[in-house]
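Listing of entry-v6.cif, mmCIF, C-alpha atoms
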data_start
#
loop_
_atom_site.label_atom_id
_atom_site.label_comp_id
_atom_site.auth_asym_id
_atom_site.auth_seq_id
_atom_site.Cartn_x
_atom_site.Cartn_y
_atom_site.Cartn_z
CA MET A 1217 -15.89 18.90 -11.52
CA ARG A 1218 -15.08 15.41 -12.81
CA SER A 1219 -11.36 16.13 -12.65
CA LEU A 1220 -11.70 17.27 -9.04
CA ILE A 1221 -13.36 13.95 -8.16
CA VAL A 1222 -10.52 12.07 -9.89
CA ALA A 1223 -8.00 14.02 -7.83
CA LEU A 1224 -9.91 13.34 -4.62
CA PHE A 1225 -10.06 9.60 -5.31
CA ASN A 1226 -6.33 9.60 -6.04
CA VAL A 1227 -5.66 11.18 -2.65
CA VAL A 1228 -7.92 8.65 -0.91
CA GLY A 1229 -6.23 5.81 -2.82
CA THR A 1230 -2.79 7.05 -1.77
CA VAL A 1231 -3.87 7.29 1.87
CA SER A 1232 -5.22 3.73 1.74
CA MET A 1233 -2.01 2.45 0.13
CA TRP A 1234 0.21 4.04 2.75
CA TYR A 1235 -2.13 2.90 5.50
CA ASN A 1236 -1.88 -0.70 4.30
CA PHE A 1237 1.88 -0.47 3.95
CA LEU A 1238 2.52 1.22 7.29
CA ALA A 1239 -0.08 -0.74 9.26
CA TYR A 1240 1.89 -3.89 8.57
CA ASN A 1241 5.05 -2.17 9.85
CA VAL A 1242 3.32 -1.42 13.14
CA ILE A 1243 2.00 -4.97 13.33
CA ALA A 1244 5.40 -6.51 12.58
CA SER A 1245 7.23 -4.48 15.18
CA ILE A 1246 4.66 -4.79 17.97
CA ILE A 1247 2.32 -7.72 17.49
CA LEU A 1248 3.90 -10.29 15.17
CA THR A 1249 7.04 -10.60 17.24
CA ARG A 1250 4.86 -12.16 19.95
CA SER A 1251 2.36 -14.03 17.78
CA ALA A 1252 1.86 -17.70 17.00
CA LEU A 1253 3.85 -17.27 13.77
CA HIS A 1254 7.00 -17.26 15.96
CA LEU A 1255 8.54 -14.44 14.01
CA GLY A 1256 11.45 -12.96 15.83
CA LEU A 1257 12.43 -9.34 15.69
CA LEU A 1258 14.96 -9.80 12.88
CA PRO A 1259 12.61 -11.66 10.49
CA SER A 1260 9.79 -9.18 11.10
CA PHE A 1261 12.05 -6.26 10.25
CA THR A 1262 13.34 -8.20 7.25
CA THR A 1263 9.82 -8.19 5.81
CA ILE A 1264 9.69 -4.43 6.28
CA PHE A 1265 13.07 -4.01 4.58
CA ILE A 1266 12.10 -6.21 1.63
CA ALA A 1267 8.95 -4.18 1.03
CA PHE A 1268 10.95 -0.95 0.96
CA ILE A 1269 13.43 -2.49 -1.48
CA ALA A 1270 10.56 -3.56 -3.77
CA ARG A 1271 9.21 0.00 -4.11
CA PRO A 1272 11.61 1.16 -6.87
CA ILE A 1273 10.90 -2.03 -8.80
CA GLY A 1274 7.18 -1.25 -8.63
CA ALA A 1275 7.78 2.31 -9.77
CA TYR A 1276 9.65 1.01 -12.80
CA VAL A 1277 7.17 -1.75 -13.70
CA PHE A 1278 4.03 0.33 -13.22
CA GLY A 1279 5.71 3.30 -14.91
CA LEU A 1280 6.16 1.15 -18.00
CA ILE A 1281 2.52 0.03 -17.78
CA GLY A 1282 1.42 3.66 -17.42
CA ASP A 1283 3.51 4.76 -20.40
CA LYS A 1284 2.43 1.90 -22.64
CA PHE A 1285 -1.27 1.76 -21.72
CA SER A 1286 -2.51 4.47 -19.33
CA SER A 1287 -1.91 5.95 -15.91
CA LYS A 1288 -5.44 4.99 -14.92
CA LEU A 1289 -4.83 1.30 -15.65
CA SER A 1290 -1.54 1.46 -13.78
CA LEU A 1291 -3.22 3.06 -10.76
CA VAL A 1292 -6.07 0.55 -10.71
CA LEU A 1293 -3.62 -2.36 -10.92
CA THR A 1294 -1.58 -1.02 -8.01
CA LEU A 1295 -4.71 -0.67 -5.87
CA VAL A 1296 -5.81 -4.21 -6.70
CA VAL A 1297 -2.35 -5.65 -5.95
CA MET A 1298 -2.16 -3.78 -2.64
CA GLY A 1299 -5.69 -4.72 -1.60
CA THR A 1300 -5.21 -8.37 -2.47
CA SER A 1301 -1.83 -8.72 -0.78
CA THR A 1302 -3.10 -6.97 2.36
CA LEU A 1303 -6.13 -9.26 2.41
CA LEU A 1304 -3.85 -12.29 2.12
CA ILE A 1305 -1.69 -11.02 5.00
CA SER A 1306 -4.78 -10.66 7.20
CA THR A 1307 -5.69 -14.31 6.57
CA ILE A 1308 -2.27 -15.89 7.17
CA GLY A 1309 -2.55 -18.94 9.37
CA LYS A 1310 -0.05 -20.83 11.50
CA ALA A 1311 1.24 -23.13 8.75
CA TRP A 1312 4.94 -23.82 8.21
CA TYR A 1313 4.94 -21.77 5.00
CA ALA A 1314 3.40 -18.67 6.62
CA VAL A 1315 6.72 -16.81 6.69
CA TYR A 1316 7.22 -17.36 2.95
CA GLU A 1317 3.66 -16.28 2.23
CA LEU A 1318 4.27 -13.17 4.30
CA LEU A 1319 7.45 -12.34 2.38
CA ILE A 1320 5.73 -12.71 -0.99
CA ASP A 1321 2.81 -10.55 0.13
CA ARG A 1322 5.16 -7.87 1.44
CA ILE A 1323 7.07 -7.81 -1.84
CA ALA A 1324 3.73 -7.36 -3.63
CA GLN A 1325 2.82 -4.52 -1.27
CA GLY A 1326 6.14 -2.78 -1.90
CA ILE A 1327 5.81 -3.13 -5.67
CA ALA A 1328 2.24 -1.79 -5.56
CA LEU A 1329 3.19 1.18 -3.38
CA GLY A 1330 6.08 2.13 -5.63
CA GLY A 1331 3.85 2.15 -8.69
CA GLU A 1332 0.90 3.86 -7.06
CA TRP A 1333 2.66 7.03 -6.04
CA ALA A 1334 3.78 7.93 -9.54
CA SER A 1335 0.54 6.79 -11.19
CA ALA A 1336 -1.63 8.83 -8.83
CA SER A 1337 0.52 11.93 -9.27
CA ILE A 1338 0.53 11.73 -13.05
CA LEU A 1339 -3.17 10.93 -13.32
CA THR A 1340 -4.09 13.81 -11.02
CA TYR A 1341 -1.93 16.28 -12.91
CA GLU A 1342 -3.24 15.12 -16.29
CA SER A 1343 -6.83 15.39 -15.07
CA VAL A 1344 -6.53 18.95 -13.78
CA ARG A 1345 -4.08 21.22 -15.62
CA GLY A 1346 -2.65 24.49 -14.42
CA GLY A 1347 -2.17 25.85 -10.92
CA VAL A 1348 -5.10 23.90 -9.49
CA GLY A 1349 -3.66 20.69 -10.94
CA ARG A 1350 -0.29 21.34 -9.32
CA PHE A 1351 -1.99 21.99 -5.98
CA LEU A 1352 -4.12 18.84 -6.18
CA THR A 1353 -1.09 16.82 -7.22
CA SER A 1354 0.71 18.04 -4.12
CA LEU A 1355 -2.12 16.62 -1.98
CA ILE A 1356 -0.97 13.14 -3.02
CA GLN A 1357 1.94 13.71 -0.62
CA LEU A 1358 -0.56 13.76 2.27
CA GLY A 1359 -0.90 9.99 1.85
CA VAL A 1360 2.10 9.27 4.05
CA PRO A 1361 1.17 11.29 7.16
CA LEU A 1362 -2.56 10.50 6.93
CA GLY A 1363 -1.83 6.81 6.39
CA MET A 1364 0.51 6.94 9.37
CA LEU A 1365 -2.18 8.48 11.57
CA LEU A 1366 -4.63 5.74 10.63
CA THR A 1367 -2.19 3.00 11.69
CA VAL A 1368 -3.24 3.56 15.29
CA PHE A 1369 -6.07 1.13 14.51
CA ALA A 1370 -3.51 -1.55 13.66
CA VAL A 1371 -2.38 -1.69 17.27
CA ILE A 1372 -5.92 -2.24 18.55
CA GLN A 1373 -7.00 -5.12 16.29
CA TRP A 1374 -4.48 -6.01 13.60
CA ARG A 1375 -6.50 -8.43 11.46
CA LEU A 1376 -9.47 -6.06 11.34
CA ALA A 1377 -7.16 -3.15 10.51
CA LEU A 1378 -5.63 -5.04 7.59
CA LEU A 1379 -9.03 -6.19 6.37
CA THR A 1380 -10.34 -2.63 6.49
CA GLY A 1381 -7.30 -1.34 4.61
CA SER A 1382 -7.68 -4.06 2.01
CA LEU A 1383 -11.33 -3.21 1.42
CA LEU A 1384 -10.46 0.49 1.19
CA SER A 1385 -7.85 -0.20 -1.51
CA LEU A 1386 -10.07 -2.55 -3.46
CA SER A 1387 -13.01 -0.14 -3.33
CA SER A 1388 -10.79 2.72 -4.54
CA ALA A 1389 -9.93 0.73 -7.66
#
Kindly present the structure from the file in structure tokens form.
Amino acid sequence: MRSLIVALFNVVGTVSMWYNFLAYNVIASIILTRSALHLGLLPSFTTIFIAFIARPIGAYVFGLIGDKFSSKLSLVLTLVVMGTSTLLISTIGKAWYAVYELLIDRIAQGIALGGEWASASILTYESVRGGVGRFLTSLIQLGVPLGMLLTVFAVIQWRLALLTGSLLSLSSA
């Protein structure tokens, strides 16, 4: 029973990670191009691109952490990094350095997402062995479509959507 709960929390954590990652993409393409930050279309898509480039780096770094220490520690660290960076994005003001802060936070989100996927899959499979473990590990892949469905809230109220996603990631840790 305990292993089933671990698997369920890993699925919820993956959904929250992808929600945080994809909610920003919706915000950047729709809302931030018209906001007080004066981000044009090219810089907003640059932040999306940088986050996708950072994902393999996160997979490598958090893979090393998972191998050296534990998959659980690696997973918790990715959730904390994602929750914190999403929270920081939701509180960005109109200062001159806001674009740089946004880029750093997006790199952190990309690194966290890259590490989370592998950590959640390994931890789920190690918790539940056999056919059931393989099935529950496959549920981790639902994080992308379910996270994408939840991004509808990002269009309605983007700061609240990011704050909610941040709290979801931090509470999953």
| remark: Correct to one decimal, the distance atom CA of A:Leu1383-atom CA of A:Gln1325 is 14.5 Å
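Atom CA of A:Asp1321 lies 13.6 Å from atom CA of A:Gly1309.
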| request: Check what the PyMOL selection byres ((chain A and resi 1298) around 8) selects in the file above and give those residues as a ChimeraX atom specification. | output: /A:1233,1236,1294-1297,1299-1302,1324-1325,1328-1329,1382,1385
Store the residues picked out above, limited to C-alpha atoms, as a CSV table (one decimal), in the coordinates of the input.
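New file part33.csv:
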chain,number,residue,atom,x,y,z
A,1233,MET,CA,-2.0,2.4,0.1
A,1236,ASN,CA,-1.9,-0.7,4.3
A,1294,THR,CA,-1.6,-1.0,-8.0
A,1295,LEU,CA,-4.7,-0.7,-5.9
A,1296,VAL,CA,-5.8,-4.2,-6.7
A,1297,VAL,CA,-2.4,-5.6,-6.0
A,1299,GLY,CA,-5.7,-4.7,-1.6
A,1300,THR,CA,-5.2,-8.4,-2.5
A,1301,SER,CA,-1.8,-8.7,-0.8
A,1302,THR,CA,-3.1,-7.0,2.4
A,1324,ALA,CA,3.7,-7.4,-3.6
A,1325,GLN,CA,2.8,-4.5,-1.3
A,1328,ALA,CA,2.2,-1.8,-5.6
A,1329,LEU,CA,3.2,1.2,-3.4
A,1382,SER,CA,-7.7,-4.1,2.0
A,1385,SER,CA,-7.8,-0.2,-1.5
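In this structure, atom CA of A:Ile1327 sits 4.9 Å away from atom CA of A:Arg1271.
Using all atoms listed in the file for every distance, the candidate list A:Leu1318, A:Leu1303, A:Ile1323, A:Ala1239 yields A:Ala1239 as the residue closest to A:Met1364.
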| said: Give me the residues near A:Ile1338 as a ChimeraX atom specification, where near means some atom within 10 Å (using all atoms listed in the file) and where sequence neighbours in that chain fewer than 2 positions away do not count. | reply: /A:1282,1287-1288,1291,1332-1336,1340-1343,1353
Let's have the selection written as a PDB file, in the coordinates of the input, with C-alpha atoms.
ATOM      1  CA  GLY A1282       1.420   3.660 -17.420  1.00  0.00           C
ATOM      2  CA  SER A1287      -1.910   5.950 -15.910  1.00  0.00           C
ATOM      3  CA  LYS A1288      -5.440   4.990 -14.920  1.00  0.00           C
ATOM      4  CA  LEU A1291      -3.220   3.060 -10.760  1.00  0.00           C
ATOM      5  CA  GLU A1332       0.900   3.860  -7.060  1.00  0.00           C
ATOM      6  CA  TRP A1333       2.660   7.030  -6.040  1.00  0.00           C
ATOM      7  CA  ALA A1334       3.780   7.930  -9.540  1.00  0.00           C
ATOM      8  CA  SER A1335       0.540   6.790 -11.190  1.00  0.00           C
ATOM      9  CA  ALA A1336      -1.630   8.830  -8.830  1.00  0.00           C
ATOM     10  CA  THR A1340      -4.090  13.810 -11.020  1.00  0.00           C
ATOM     11  CA  TYR A1341      -1.930  16.280 -12.910  1.00  0.00           C
ATOM     12  CA  GLU A1342      -3.240  15.120 -16.290  1.00  0.00           C
ATOM     13  CA  SER A1343      -6.830  15.390 -15.070  1.00  0.00           C
ATOM     14  CA  THR A1353      -1.090  16.820  -7.220  1.00  0.00           C
TER      15      THR A1353
END
For the PyMOL selection byres ((chain A and resi 1263) around 10), applied here, can you spell out every residue it catches as a short mmCIF file (atom, residue, chain, number, x, y, z; two decimals) with C-alpha atoms, keeping the file's coordinate frame?
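Dumped to part09.cif:
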data_model
loop_
_atom_site.label_atom_id
_atom_site.label_comp_id
_atom_site.auth_asym_id
_atom_site.auth_seq_id
_atom_site.Cartn_x
_atom_site.Cartn_y
_atom_site.Cartn_z
CA TYR A 1240 1.89 -3.89 8.57
CA ASN A 1241 5.05 -2.17 9.85
CA ALA A 1244 5.40 -6.51 12.58
CA LEU A 1258 14.96 -9.80 12.88
CA PRO A 1259 12.61 -11.66 10.49
CA SER A 1260 9.79 -9.18 11.10
CA PHE A 1261 12.05 -6.26 10.25
CA THR A 1262 13.34 -8.20 7.25
CA ILE A 1264 9.69 -4.43 6.28
CA PHE A 1265 13.07 -4.01 4.58
CA ILE A 1266 12.10 -6.21 1.63
CA ALA A 1267 8.95 -4.18 1.03
CA PHE A 1268 10.95 -0.95 0.96
CA ILE A 1269 13.43 -2.49 -1.48
CA VAL A 1315 6.72 -16.81 6.69
CA TYR A 1316 7.22 -17.36 2.95
CA LEU A 1318 4.27 -13.17 4.30
CA LEU A 1319 7.45 -12.34 2.38
CA ILE A 1320 5.73 -12.71 -0.99
CA ASP A 1321 2.81 -10.55 0.13
CA ARG A 1322 5.16 -7.87 1.44
CA ILE A 1323 7.07 -7.81 -1.84
#
Since the input lacks atoms, please generate all heavy atoms for stretch 1371-1382 of chain A and provide them as a short mmCIF file (atom, residue, chain, number, x, y, z; two decimals), in the frame of the given file.
data_model
loop_
_atom_site.label_atom_id
_atom_site.label_comp_id
_atom_site.auth_asym_id
_atom_site.auth_seq_id
_atom_site.Cartn_x
_atom_site.Cartn_y
_atom_site.Cartn_z
N VAL A 1371 -2.80 -1.24 15.95
CA VAL A 1371 -2.38 -1.69 17.27
C VAL A 1371 -3.55 -2.30 18.02
O VAL A 1371 -3.39 -3.27 18.76
CB VAL A 1371 -1.76 -0.51 18.06
CG1 VAL A 1371 -1.39 -0.94 19.46
CG2 VAL A 1371 -0.57 0.05 17.32
N ILE A 1372 -4.74 -1.78 17.82
CA ILE A 1372 -5.92 -2.24 18.55
C ILE A 1372 -6.34 -3.62 18.10
O ILE A 1372 -6.48 -4.54 18.91
CB ILE A 1372 -7.08 -1.23 18.36
CG1 ILE A 1372 -6.66 0.14 18.92
CG2 ILE A 1372 -8.34 -1.72 19.04
CD1 ILE A 1372 -7.59 1.26 18.54
N GLN A 1373 -6.55 -3.83 16.83
CA GLN A 1373 -7.00 -5.12 16.29
C GLN A 1373 -6.37 -5.28 14.90
O GLN A 1373 -6.86 -4.73 13.93
CB GLN A 1373 -8.53 -5.15 16.22
CG GLN A 1373 -9.15 -6.40 15.67
CD GLN A 1373 -8.71 -7.67 16.35
OE1 GLN A 1373 -7.75 -8.27 15.90
NE2 GLN A 1373 -9.39 -8.06 17.41
N TRP A 1374 -5.27 -6.03 14.82
CA TRP A 1374 -4.48 -6.01 13.60
C TRP A 1374 -5.15 -6.69 12.42
O TRP A 1374 -5.05 -6.23 11.30
CB TRP A 1374 -3.08 -6.55 13.85
CG TRP A 1374 -2.95 -8.01 14.13
CD1 TRP A 1374 -3.05 -8.63 15.34
CD2 TRP A 1374 -2.66 -9.03 13.18
NE1 TRP A 1374 -2.85 -9.97 15.19
CE2 TRP A 1374 -2.60 -10.25 13.88
CE3 TRP A 1374 -2.45 -9.04 11.81
CZ2 TRP A 1374 -2.34 -11.46 13.25
CZ3 TRP A 1374 -2.18 -10.24 11.18
CH2 TRP A 1374 -2.13 -11.43 11.91
N ARG A 1375 -5.85 -7.78 12.61
CA ARG A 1375 -6.50 -8.43 11.46
C ARG A 1375 -7.63 -7.56 10.91
O ARG A 1375 -7.78 -7.43 9.70
CB ARG A 1375 -7.04 -9.80 11.84
CG ARG A 1375 -5.96 -10.83 12.01
CD ARG A 1375 -6.54 -12.23 12.06
NE ARG A 1375 -5.57 -13.18 12.52
CZ ARG A 1375 -4.76 -13.88 11.74
NH1 ARG A 1375 -4.81 -13.71 10.43
NH2 ARG A 1375 -3.91 -14.74 12.23
N LEU A 1376 -8.40 -6.95 11.78
CA LEU A 1376 -9.47 -6.06 11.34
C LEU A 1376 -8.91 -4.83 10.64
O LEU A 1376 -9.46 -4.36 9.64
CB LEU A 1376 -10.34 -5.65 12.54
CG LEU A 1376 -11.53 -4.75 12.23
CD1 LEU A 1376 -12.50 -5.46 11.30
CD2 LEU A 1376 -12.22 -4.35 13.52
N ALA A 1377 -7.79 -4.31 11.14
CA ALA A 1377 -7.16 -3.15 10.51
C ALA A 1377 -6.68 -3.48 9.11
O ALA A 1377 -6.87 -2.68 8.18
CB ALA A 1377 -5.99 -2.66 11.37
N LEU A 1378 -6.08 -4.65 8.92
CA LEU A 1378 -5.63 -5.04 7.59
C LEU A 1378 -6.80 -5.32 6.67
O LEU A 1378 -6.76 -4.97 5.48
CB LEU A 1378 -4.72 -6.26 7.67
CG LEU A 1378 -3.32 -6.00 8.22
CD1 LEU A 1378 -2.54 -7.30 8.32
CD2 LEU A 1378 -2.57 -4.99 7.39
N LEU A 1379 -7.85 -5.92 7.19
CA LEU A 1379 -9.03 -6.19 6.37
C LEU A 1379 -9.68 -4.89 5.92
O LEU A 1379 -10.07 -4.74 4.77
CB LEU A 1379 -10.02 -7.05 7.16
CG LEU A 1379 -11.29 -7.46 6.43
CD1 LEU A 1379 -10.96 -8.32 5.22
CD2 LEU A 1379 -12.22 -8.22 7.36
N THR A 1380 -9.77 -3.93 6.82
CA THR A 1380 -10.34 -2.63 6.49
C THR A 1380 -9.49 -1.93 5.42
O THR A 1380 -10.03 -1.36 4.46
CB THR A 1380 -10.44 -1.75 7.74
OG1 THR A 1380 -11.21 -2.43 8.73
CG2 THR A 1380 -11.06 -0.40 7.43
N GLY A 1381 -8.19 -1.96 5.59
CA GLY A 1381 -7.30 -1.34 4.61
C GLY A 1381 -7.40 -2.01 3.25
O GLY A 1381 -7.37 -1.36 2.21
N SER A 1382 -7.53 -3.32 3.26
CA SER A 1382 -7.68 -4.06 2.01
C SER A 1382 -8.97 -3.66 1.29
O SER A 1382 -8.97 -3.42 0.09
CB SER A 1382 -7.67 -5.56 2.30
OG SER A 1382 -7.97 -6.29 1.15
#
